[in-house]
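> Structure supplied as my_file_38.cif; contents: mmCIF, C-alpha atoms.
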data_model
#
loop_
_atom_site.label_atom_id
_atom_site.label_comp_id
_atom_site.auth_asym_id
_atom_site.auth_seq_id
_atom_site.Cartn_x
_atom_site.Cartn_y
_atom_site.Cartn_z
CA MET Q 1 7.73 3.96 -14.17
CA LYS Q 2 4.85 3.41 -11.77
CA ASN Q 3 1.57 1.92 -13.00
CA SER Q 4 -0.78 3.28 -10.34
CA PRO Q 5 -3.53 5.88 -11.03
CA ILE Q 6 -1.70 9.18 -10.89
CA LEU Q 7 -4.75 11.42 -10.43
CA ALA Q 8 -5.64 9.65 -7.17
CA GLU Q 9 -2.02 10.01 -6.04
CA ILE Q 10 -2.12 13.74 -6.77
CA ALA Q 11 -5.36 14.19 -4.82
CA ALA Q 12 -3.95 12.27 -1.86
CA ALA Q 13 -0.69 14.26 -1.94
CA ILE Q 14 -2.30 17.73 -1.80
CA PRO Q 15 -2.05 18.13 2.01
CA SER Q 16 1.73 17.55 1.86
CA LEU Q 17 2.47 19.83 -1.13
CA ARG Q 18 3.76 23.40 -1.08
CA LYS Q 19 1.26 26.16 -1.84
CA SER Q 20 2.65 26.68 -5.34
CA GLU Q 21 2.55 22.92 -6.03
CA VAL Q 22 -1.07 22.77 -4.81
CA LYS Q 23 -1.95 25.23 -7.60
CA VAL Q 24 -0.43 22.79 -10.11
CA ALA Q 25 -2.26 19.81 -8.56
CA GLU Q 26 -5.61 21.59 -8.63
CA PHE Q 27 -5.21 22.55 -12.29
CA VAL Q 28 -4.16 19.01 -13.27
CA LEU Q 29 -7.12 17.45 -11.45
CA LYS Q 30 -9.47 19.94 -13.08
CA ALA Q 31 -8.21 19.46 -16.66
CA PRO Q 32 -6.09 16.29 -17.06
CA GLN Q 33 -6.92 15.88 -20.75
CA GLN Q 34 -5.71 19.40 -21.42
CA VAL Q 35 -2.51 18.85 -19.42
CA MET Q 36 -1.72 15.73 -21.43
CA HIS Q 37 -0.99 17.90 -24.51
CA MET Q 38 0.81 20.78 -22.76
CA ARG Q 39 4.44 21.79 -22.70
CA ILE Q 40 5.98 22.52 -19.31
CA VAL Q 41 5.90 26.26 -20.08
CA ASP Q 42 2.17 26.02 -20.89
CA LEU Q 43 1.33 24.29 -17.62
CA ALA Q 44 3.43 26.79 -15.66
CA GLN Q 45 1.54 29.64 -17.28
CA GLU Q 46 -1.91 28.13 -16.72
CA ALA Q 47 -1.19 27.23 -13.07
CA GLN Q 48 0.54 30.60 -12.54
CA VAL Q 49 3.75 29.08 -11.18
CA SER Q 50 7.36 28.79 -12.31
CA GLU Q 51 8.75 25.95 -14.45
CA PRO Q 52 10.99 24.72 -11.58
CA THR Q 53 7.80 24.39 -9.49
CA ILE Q 54 6.38 22.06 -12.16
CA VAL Q 55 9.55 19.95 -12.00
CA ARG Q 56 9.40 19.79 -8.17
CA PHE Q 57 5.71 18.85 -8.37
CA CYS Q 58 6.41 15.99 -10.79
CA ARG Q 59 9.18 14.61 -8.60
CA GLY Q 60 7.03 15.06 -5.49
CA ILE Q 61 4.42 12.66 -6.88
CA GLY Q 62 7.01 10.05 -7.89
CA CYS Q 63 7.77 10.95 -11.52
CA ASN Q 64 11.30 11.38 -12.85
CA GLY Q 65 10.26 14.44 -14.80
CA PHE Q 66 7.56 16.22 -16.79
CA GLN Q 67 7.55 13.75 -19.68
CA GLU Q 68 6.95 10.74 -17.43
CA PHE Q 69 4.24 12.73 -15.67
CA LYS Q 70 2.44 13.36 -19.00
CA VAL Q 71 2.77 9.70 -20.02
CA ARG Q 72 1.13 8.55 -16.79
CA ILE Q 73 -1.68 11.08 -17.25
CA ALA Q 74 -2.24 9.78 -20.79
CA GLN Q 75 -2.26 6.16 -19.61
CA GLU Q 76 -4.85 6.87 -16.96
CA ILE Q 77 -7.11 8.76 -19.35
CA ALA Q 78 -6.86 5.87 -21.84
CA ILE Q 79 -7.89 3.37 -19.15
CA ALA Q 80 -10.77 5.61 -18.06
CA ASN Q 81 -11.99 5.93 -21.65
CA ASN Q 82 -11.77 2.16 -22.08
CA ILE Q 83 -13.90 1.62 -19.00
CA GLY Q 84 -16.39 4.20 -20.21
CA GLN Q 85 -17.00 2.17 -23.37
CA PHE Q 86 -18.81 -0.44 -21.26
CA ALA Q 87 -21.82 1.78 -20.44
CA ILE Q 88 -24.98 -0.32 -20.64
CA ALA Q 89 -27.78 0.75 -22.98
CA GLU Q 90 -31.48 -0.05 -22.68
CA ASP Q 91 -31.44 -2.10 -25.89
CA ASP Q 92 -28.38 -4.21 -25.01
CA SER Q 93 -28.78 -7.96 -25.32
CA ILE Q 94 -28.19 -10.33 -22.40
CA GLU Q 95 -24.85 -11.24 -23.99
CA ASP Q 96 -23.91 -7.54 -24.14
CA ILE Q 97 -24.90 -7.04 -20.50
CA CYS Q 98 -22.87 -10.06 -19.34
CA ASP Q 99 -19.80 -8.98 -21.29
CA LYS Q 100 -19.95 -5.34 -20.24
CA ILE Q 101 -20.50 -5.99 -16.55
CA ALA Q 102 -17.73 -8.59 -16.42
CA ASP Q 103 -15.31 -6.38 -18.34
CA THR Q 104 -16.12 -3.29 -16.26
CA THR Q 105 -15.67 -5.20 -13.01
CA ILE Q 106 -12.32 -6.64 -14.11
CA GLN Q 107 -11.09 -3.21 -15.19
CA ARG Q 108 -12.16 -1.59 -11.92
CA LEU Q 109 -10.56 -4.31 -9.79
CA HIS Q 110 -7.33 -3.94 -11.74
CA GLN Q 111 -7.51 -0.20 -11.12
CA VAL Q 112 -7.86 -0.80 -7.37
CA LYS Q 113 -5.02 -3.33 -7.41
CA THR Q 114 -2.57 -0.93 -9.04
CA GLN Q 115 -3.31 1.90 -6.61
CA LEU Q 116 -3.57 -0.17 -3.42
CA LYS Q 117 -0.90 0.51 -0.79
CA SER Q 118 0.04 -2.79 0.84
CA ALA Q 119 1.40 -0.94 3.88
CA GLN Q 120 -2.12 0.32 4.62
CA VAL Q 121 -3.52 -3.22 4.47
CA ALA Q 122 -0.69 -4.51 6.68
CA ALA Q 123 -1.26 -1.82 9.33
CA ALA Q 124 -4.99 -2.55 9.42
CA ALA Q 125 -4.41 -6.33 9.61
CA ASN Q 126 -2.01 -5.86 12.53
CA ALA Q 127 -4.53 -3.76 14.43
CA ILE Q 128 -7.34 -6.26 13.79
CA SER Q 129 -5.12 -9.18 14.86
CA ARG Q 130 -4.50 -7.57 18.25
CA ALA Q 131 -8.06 -6.34 18.83
CA ARG Q 132 -10.40 -7.70 21.49
CA ARG Q 133 -13.44 -6.81 19.36
CA VAL Q 134 -13.82 -5.76 15.73
CA GLU Q 135 -17.02 -3.97 14.67
CA PHE Q 136 -17.89 -3.35 11.01
CA TYR Q 137 -19.94 -0.24 10.11
CA GLY Q 138 -21.52 0.56 6.75
CA PHE Q 139 -24.76 1.77 5.15
CA GLY Q 140 -26.56 0.56 2.03
CA ALA Q 141 -24.33 -1.53 -0.23
CA SER Q 142 -21.48 -0.97 2.25
CA GLY Q 143 -23.70 -2.52 4.94
CA ALA Q 144 -23.80 -5.72 2.89
CA VAL Q 145 -19.98 -5.69 2.76
CA ALA Q 146 -19.90 -5.23 6.56
CA ILE Q 147 -22.08 -8.34 7.02
CA ASP Q 148 -19.80 -10.34 4.72
CA ALA Q 149 -16.80 -9.15 6.74
CA GLN Q 150 -18.44 -10.23 9.99
CA HIS Q 151 -18.95 -13.70 8.54
CA LYS Q 152 -15.31 -13.98 7.48
CA PHE Q 153 -13.81 -12.74 10.74
CA PHE Q 154 -16.22 -14.76 12.90
CA ARG Q 155 -14.56 -17.86 11.43
CA LEU Q 156 -11.19 -16.50 12.55
CA GLN Q 157 -12.21 -16.51 16.22
CA VAL Q 158 -12.56 -12.73 16.23
CA ALA Q 159 -15.32 -11.28 18.43
CA THR Q 160 -17.14 -9.31 15.77
CA ALA Q 161 -20.43 -7.68 14.73
CA ALA Q 162 -21.75 -5.69 11.76
CA TYR Q 163 -24.09 -2.70 12.04
CA SER Q 164 -25.84 -0.76 9.27
CA ASP Q 165 -28.22 1.20 11.52
CA PRO Q 166 -26.95 4.54 12.94
CA HIS Q 167 -28.51 3.93 16.36
CA MET Q 168 -26.93 0.48 16.65
CA GLN Q 169 -23.59 1.91 15.52
CA ALA Q 170 -23.77 4.60 18.18
CA MET Q 171 -24.56 2.05 20.90
CA SER Q 172 -21.73 -0.16 19.66
CA ALA Q 173 -19.29 2.77 19.61
CA VAL Q 174 -19.82 3.76 23.26
CA THR Q 175 -19.12 0.18 24.43
CA LEU Q 176 -15.70 0.05 22.75
CA SER Q 177 -12.29 0.64 24.32
CA ASP Q 178 -8.67 1.09 23.30
CA GLN Q 179 -8.50 -2.68 22.79
CA ASP Q 180 -11.06 -2.58 19.98
CA VAL Q 181 -11.17 -1.73 16.28
CA VAL Q 182 -13.91 -0.33 14.04
CA VAL Q 183 -13.79 -0.98 10.29
CA ALA Q 184 -15.85 1.70 8.54
CA ILE Q 185 -16.81 1.07 4.89
CA SER Q 186 -18.02 3.84 2.58
CA GLN Q 187 -17.77 4.47 -1.16
CA SER Q 188 -18.36 8.22 -0.74
CA GLY Q 189 -16.43 8.76 2.49
CA ARG Q 190 -18.90 11.51 3.32
CA THR Q 191 -21.83 9.84 5.10
CA LYS Q 192 -22.66 11.99 8.13
CA ASP Q 193 -24.01 9.20 10.33
CA LEU Q 194 -20.97 7.03 9.65
CA LEU Q 195 -18.61 9.88 10.47
CA HIS Q 196 -20.49 10.44 13.73
CA SER Q 197 -20.22 6.73 14.61
CA VAL Q 198 -16.47 6.50 14.02
CA GLN Q 199 -15.79 9.72 15.91
CA LEU Q 200 -17.80 8.38 18.82
CA ALA Q 201 -15.79 5.13 18.73
CA GLN Q 202 -12.54 7.10 18.73
CA GLN Q 203 -13.69 9.13 21.73
CA HIS Q 204 -13.95 5.84 23.63
CA GLY Q 205 -10.44 4.76 22.57
CA ALA Q 206 -11.13 2.47 19.60
CA ARG Q 207 -8.94 2.64 16.51
CA VAL Q 208 -10.73 3.15 13.19
CA VAL Q 209 -9.83 1.41 9.94
CA CYS Q 210 -11.67 2.68 6.86
CA LEU Q 211 -12.23 1.45 3.30
CA THR Q 212 -12.94 4.66 1.39
CA PRO Q 213 -11.53 7.07 -1.22
CA ALA Q 214 -8.50 9.17 -0.35
CA ASN Q 215 -8.89 12.81 0.62
CA THR Q 216 -12.42 12.39 1.99
CA PRO Q 217 -13.72 13.26 5.48
CA LEU Q 218 -13.75 9.59 6.49
CA SER Q 219 -10.22 8.86 5.25
CA GLN Q 220 -8.96 11.95 7.08
CA THR Q 221 -10.76 10.98 10.29
CA ALA Q 222 -9.70 7.31 10.38
CA ASP Q 223 -6.58 6.16 12.21
CA LEU Q 224 -5.76 3.53 9.58
CA PRO Q 225 -7.23 4.40 6.16
CA ILE Q 226 -7.19 2.02 3.21
CA HIS Q 227 -7.74 4.14 0.11
CA ILE Q 228 -10.01 2.70 -2.60
CA ASN Q 229 -10.50 5.27 -5.35
CA ILE Q 230 -13.28 4.25 -7.72
CA GLU Q 231 -15.35 6.76 -9.66
CA GLU Q 232 -18.77 5.13 -9.33
CA ASP Q 233 -21.15 5.92 -12.18
CA THR Q 234 -24.66 6.39 -10.82
CA GLU Q 235 -26.51 5.77 -14.07
CA GLN Q 236 -29.48 3.42 -13.81
CA PHE Q 237 -27.86 0.43 -15.51
CA THR Q 238 -24.34 0.74 -14.10
CA PRO Q 239 -23.08 -2.12 -11.86
CA MET Q 240 -21.82 -1.16 -8.39
CA THR Q 241 -18.22 -2.26 -8.72
CA SER Q 242 -17.10 -0.42 -5.58
CA ARG Q 243 -18.91 -3.03 -3.48
CA ILE Q 244 -16.92 -5.81 -5.16
CA ALA Q 245 -13.67 -3.89 -4.62
CA HIS Q 246 -14.49 -3.51 -0.92
CA LEU Q 247 -15.19 -7.25 -0.67
CA MET Q 248 -11.79 -7.92 -2.23
CA ILE Q 249 -10.05 -5.77 0.40
CA ILE Q 250 -11.97 -7.55 3.17
CA ASP Q 251 -10.65 -10.86 1.78
CA MET Q 252 -7.12 -9.46 1.84
CA LEU Q 253 -7.52 -8.42 5.47
CA ALA Q 254 -9.00 -11.79 6.44
CA VAL Q 255 -6.14 -13.72 4.82
CA ALA Q 256 -3.54 -11.40 6.38
CA VAL Q 257 -5.10 -11.88 9.85
CA THR Q 258 -5.21 -15.66 9.32
CA GLN Q 259 -1.53 -15.63 8.40
CA ARG Q 260 -0.73 -13.79 11.63
CA ARG Q 261 -2.49 -16.53 13.61
CA GLY Q 262 0.28 -18.96 12.64
CA PRO Q 263 0.24 -22.50 11.12
CA GLU Q 264 -1.43 -24.02 14.20
CA PHE Q 265 -4.56 -22.01 13.39
CA ALA Q 266 -5.12 -24.24 10.34
CA ALA Q 267 -6.49 -26.94 12.67
CA HIS Q 268 -9.27 -24.58 13.75
CA LEU Q 269 -10.22 -23.78 10.15
CA ASN Q 270 -10.24 -27.47 9.27
CA SER Q 271 -12.59 -28.17 12.18
CA ILE Q 272 -14.99 -25.53 10.81
CA LYS Q 273 -14.93 -27.22 7.41
CA ARG Q 274 -15.69 -30.58 9.01
CA SER Q 275 -18.53 -29.10 11.06
CA ILE Q 276 -20.41 -27.87 7.98
CA LYS Q 277 -19.62 -30.87 5.78
CA SER Q 278 -22.56 -32.80 7.26
CA LEU Q 279 -24.90 -29.99 6.12
CA ARG Q 280 -24.14 -30.63 2.45
CA LEU Q 281 -25.30 -33.36 0.13
CA ASP Q 282 -22.70 -35.90 -0.93
CA PRO Q 283 -21.60 -34.97 -4.47
CA HIS Q 284 -21.39 -38.67 -5.33
#
As structure tokens, what does this structure read like?


Amino acid sequence: MKNSPILAEIAAAIPSLRKSEVKVAEFVLKAPQQVMHMRIVDLAQEAQVSEPTIVRFCRGIGCNGFQEFKVRIAQEIAIANNIGQFAIAEDDSIEDICDKIADTTIQRLHQVKTQLKSAQVAAAANAISRARRVEFYGFGASGAVAIDAQHKFFRLQVATAAYSDPHMQAMSAVTLSDQDVVVAISQSGRTKDLLHSVQLAQQHGARVVCLTPANTPLSQTADLPIHINIEEDTEQFTPMTSRIAHLMIIDMLAVAVTQRRGPEFAAHLNSIKRSIKSLRLDPH
């Protein structure tokens, strides 16, 4: 049995499903807690489809049958409820805050790990390895991730820049070619200015990698999407774990690109370490 978040898989699979199976998917996404307690005949009735359609739907999303499908729904709901217990209250102590933020972050990163498709990371790393230039685009917290990415890939002898201003992104986009790659970072996947920037880059031949949720305008526009499905709570005291998840994926890409450089590239990285060693105080 798979261990990845099934609701995200269902949402991502909708474009490839039959019309009758889409009706099942939409009902499941709307009321997963209700589905968890249903019989196959109940779900067929609620979704207004036949029982064989339910069976085909379950197999189409990687389940052996209806029972495995319900078990995976129940597991995901249990994980979601566990994460929800870490909501921070105004009267929490510092110890409570530390524990809750650490636990929430760990849970969210595990969630991303289980759903991550390594083939998507590999395809993006291959494109970046061959690129003449790599530009990172993001706004707000995603802009901070873009700057971190620029720092990592600069060390890898990649001609790179990070832009979090729409005008600068537009100017960057029109200077790109089919030898270049844009990495667009967005938690919502729906930022208008970012969509405009990546479309402009594509018009000039650049390939677009994105770090964003599945089934969003950005993921559907990008050439090489990397799906990161995190339901970000926007309450005042909630930590922004999506930013940390995006940083983790950037690390994965950087390591994958380094690996593709070959063992001789280690000499370059060692020379960088030596160059900054003189800037630090001797620990002894």

> Apply the PyMOL selection byres ((chain Q and resi 105) around 9) to the file shown and report the selected residues as a list in words.

Lys100, Ile101, Ala102, Asp103, Thr104, Ile106, Gln107, Arg108, Leu109, His110, Pro239, Met240, Thr241, Ser242, Ile244 and Ala245 of chain Q

> With C-alpha atoms retained, write the just-selected residues as a PDB file, in the coordinates of the input.


ATOM      1  CA  LYS Q 100     -19.950  -5.340 -20.240  1.00  0.00           C
ATOM      2  CA  ILE Q 101     -20.500  -5.990 -16.550  1.00  0.00           C
ATOM      3  CA  ALA Q 102     -17.730  -8.590 -16.420  1.00  0.00           C
ATOM      4  CA  ASP Q 103     -15.310  -6.380 -18.340  1.00  0.00           C
ATOM      5  CA  THR Q 104     -16.120  -3.290 -16.260  1.00  0.00           C
ATOM      6  CA  ILE Q 106     -12.320  -6.640 -14.110  1.00  0.00           C
ATOM      7  CA  GLN Q 107     -11.090  -3.210 -15.190  1.00  0.00           C
ATOM      8  CA  ARG Q 108     -12.160  -1.590 -11.920  1.00  0.00           C
ATOM      9  CA  LEU Q 109     -10.560  -4.310  -9.790  1.00  0.00           C
ATOM     10  CA  HIS Q 110      -7.330  -3.940 -11.740  1.00  0.00           C
ATOM     11  CA  PRO Q 239     -23.080  -2.120 -11.860  1.00  0.00           C
ATOM     12  CA  MET Q 240     -21.820  -1.160  -8.390  1.00  0.00           C
ATOM     13  CA  THR Q 241     -18.220  -2.260  -8.720  1.00  0.00           C
ATOM     14  CA  SER Q 242     -17.100  -0.420  -5.580  1.00  0.00           C
ATOM     15  CA  ILE Q 244     -16.920  -5.810  -5.160  1.00  0.00           C
ATOM     16  CA  ALA Q 245     -13.670  -3.890  -4.620  1.00  0.00           C
TER      17      ALA Q 245
END

> The residues within 6 Å of (-5.4, 2.9, -10.4), using only C-alpha atoms and the coordinates of the file, should be reported as a list in words; which are they?

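Those residues, ordered by chain and then number, are Ser4, Pro5, Gln111, Val112, Thr114 and Gln115 of chain Q.
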
> Specify as an mmCIF file with C-alpha atoms, in the frame of the given file each residue included when the PyMOL selection byres ((chain Q and resi 254) around 9) is applied to this file.


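This went into result.cif:
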data_model
loop_
_atom_site.group_PDB
_atom_site.id
_atom_site.type_symbol
_atom_site.label_atom_id
_atom_site.label_comp_id
_atom_site.auth_asym_id
_atom_site.auth_seq_id
_atom_site.Cartn_x
_atom_site.Cartn_y
_atom_site.Cartn_z
ATOM 1 C CA ALA Q 125 -4.410 -6.330 9.610
ATOM 2 C CA ALA Q 149 -16.800 -9.150 6.740
ATOM 3 C CA LYS Q 152 -15.310 -13.980 7.480
ATOM 4 C CA PHE Q 153 -13.810 -12.740 10.740
ATOM 5 C CA LEU Q 156 -11.190 -16.500 12.550
ATOM 6 C CA ILE Q 249 -10.050 -5.770 0.400
ATOM 7 C CA ILE Q 250 -11.970 -7.550 3.170
ATOM 8 C CA ASP Q 251 -10.650 -10.860 1.780
ATOM 9 C CA MET Q 252 -7.120 -9.460 1.840
ATOM 10 C CA LEU Q 253 -7.520 -8.420 5.470
ATOM 11 C CA VAL Q 255 -6.140 -13.720 4.820
ATOM 12 C CA ALA Q 256 -3.540 -11.400 6.380
ATOM 13 C CA VAL Q 257 -5.100 -11.880 9.850
ATOM 14 C CA THR Q 258 -5.210 -15.660 9.320
ATOM 15 C CA GLN Q 259 -1.530 -15.630 8.400
#

> Any idea what's packed within 10 Å of Arg59 of chain Q, counting all atoms listed in the file, ignoring anything in its chain fewer than 6 positions away? Could you give it as a ChimeraX atom specification?

/Q:53,65-66,68-69

> Quick one: distance from atom CA of Leu247 of chain Q to atom CA of Ile77 of chain Q in Å, one decimal?

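Computing the Euclidean distance for atom CA of Leu247 of chain Q and atom CA of Ile77 of chain Q yields 25.9 Å.
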
> Please write the residues picked by the PyMOL selection byres ((chain Q and resi 209) around 8) on this file as number ranges by chain.

Q: 124, 181-184, 207-208, 210-211, 222-226

> Excluding Ser142 of chain Q and its own-chain neighbours fewer than 2 positions away, which residues fall within 7 Å of it when counting all atoms listed in the file? Please give them as a PDB file with C-alpha atoms, in the coordinates of the input.


ATOM      1  CA  GLY Q 138     -21.520   0.560   6.750  1.00  0.00           C
ATOM      2  CA  PHE Q 139     -24.760   1.770   5.150  1.00  0.00           C
ATOM      3  CA  GLY Q 140     -26.560   0.560   2.030  1.00  0.00           C
ATOM      4  CA  ALA Q 144     -23.800  -5.720   2.890  1.00  0.00           C
ATOM      5  CA  VAL Q 145     -19.980  -5.690   2.760  1.00  0.00           C
ATOM      6  CA  ALA Q 146     -19.900  -5.230   6.560  1.00  0.00           C
ATOM      7  CA  ILE Q 185     -16.810   1.070   4.890  1.00  0.00           C
ATOM      8  CA  SER Q 186     -18.020   3.840   2.580  1.00  0.00           C
ATOM      9  CA  ARG Q 243     -18.910  -3.030  -3.480  1.00  0.00           C
TER      10      ARG Q 243
END

> Calculated over only C-alpha atoms, which of the candidates Q:Pro52, Q:Pro283, Q:Pro32, Q:Gly60 has the smallest distance to Leu17 of chain Q?

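Nearest to Leu17 of chain Q: Q:Gly60.
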
> Give me the residues near segment 20-30 of chain Q as an NGL selection string, where near means some atom within 8 Å (using only C-alpha atoms) and where sequence neighbours in that chain fewer than 4 positions away do not count.

:Q and (7 or 10-11 or 14 or 35 or 43-44 or 46-49 or 53-54 or 56-57)
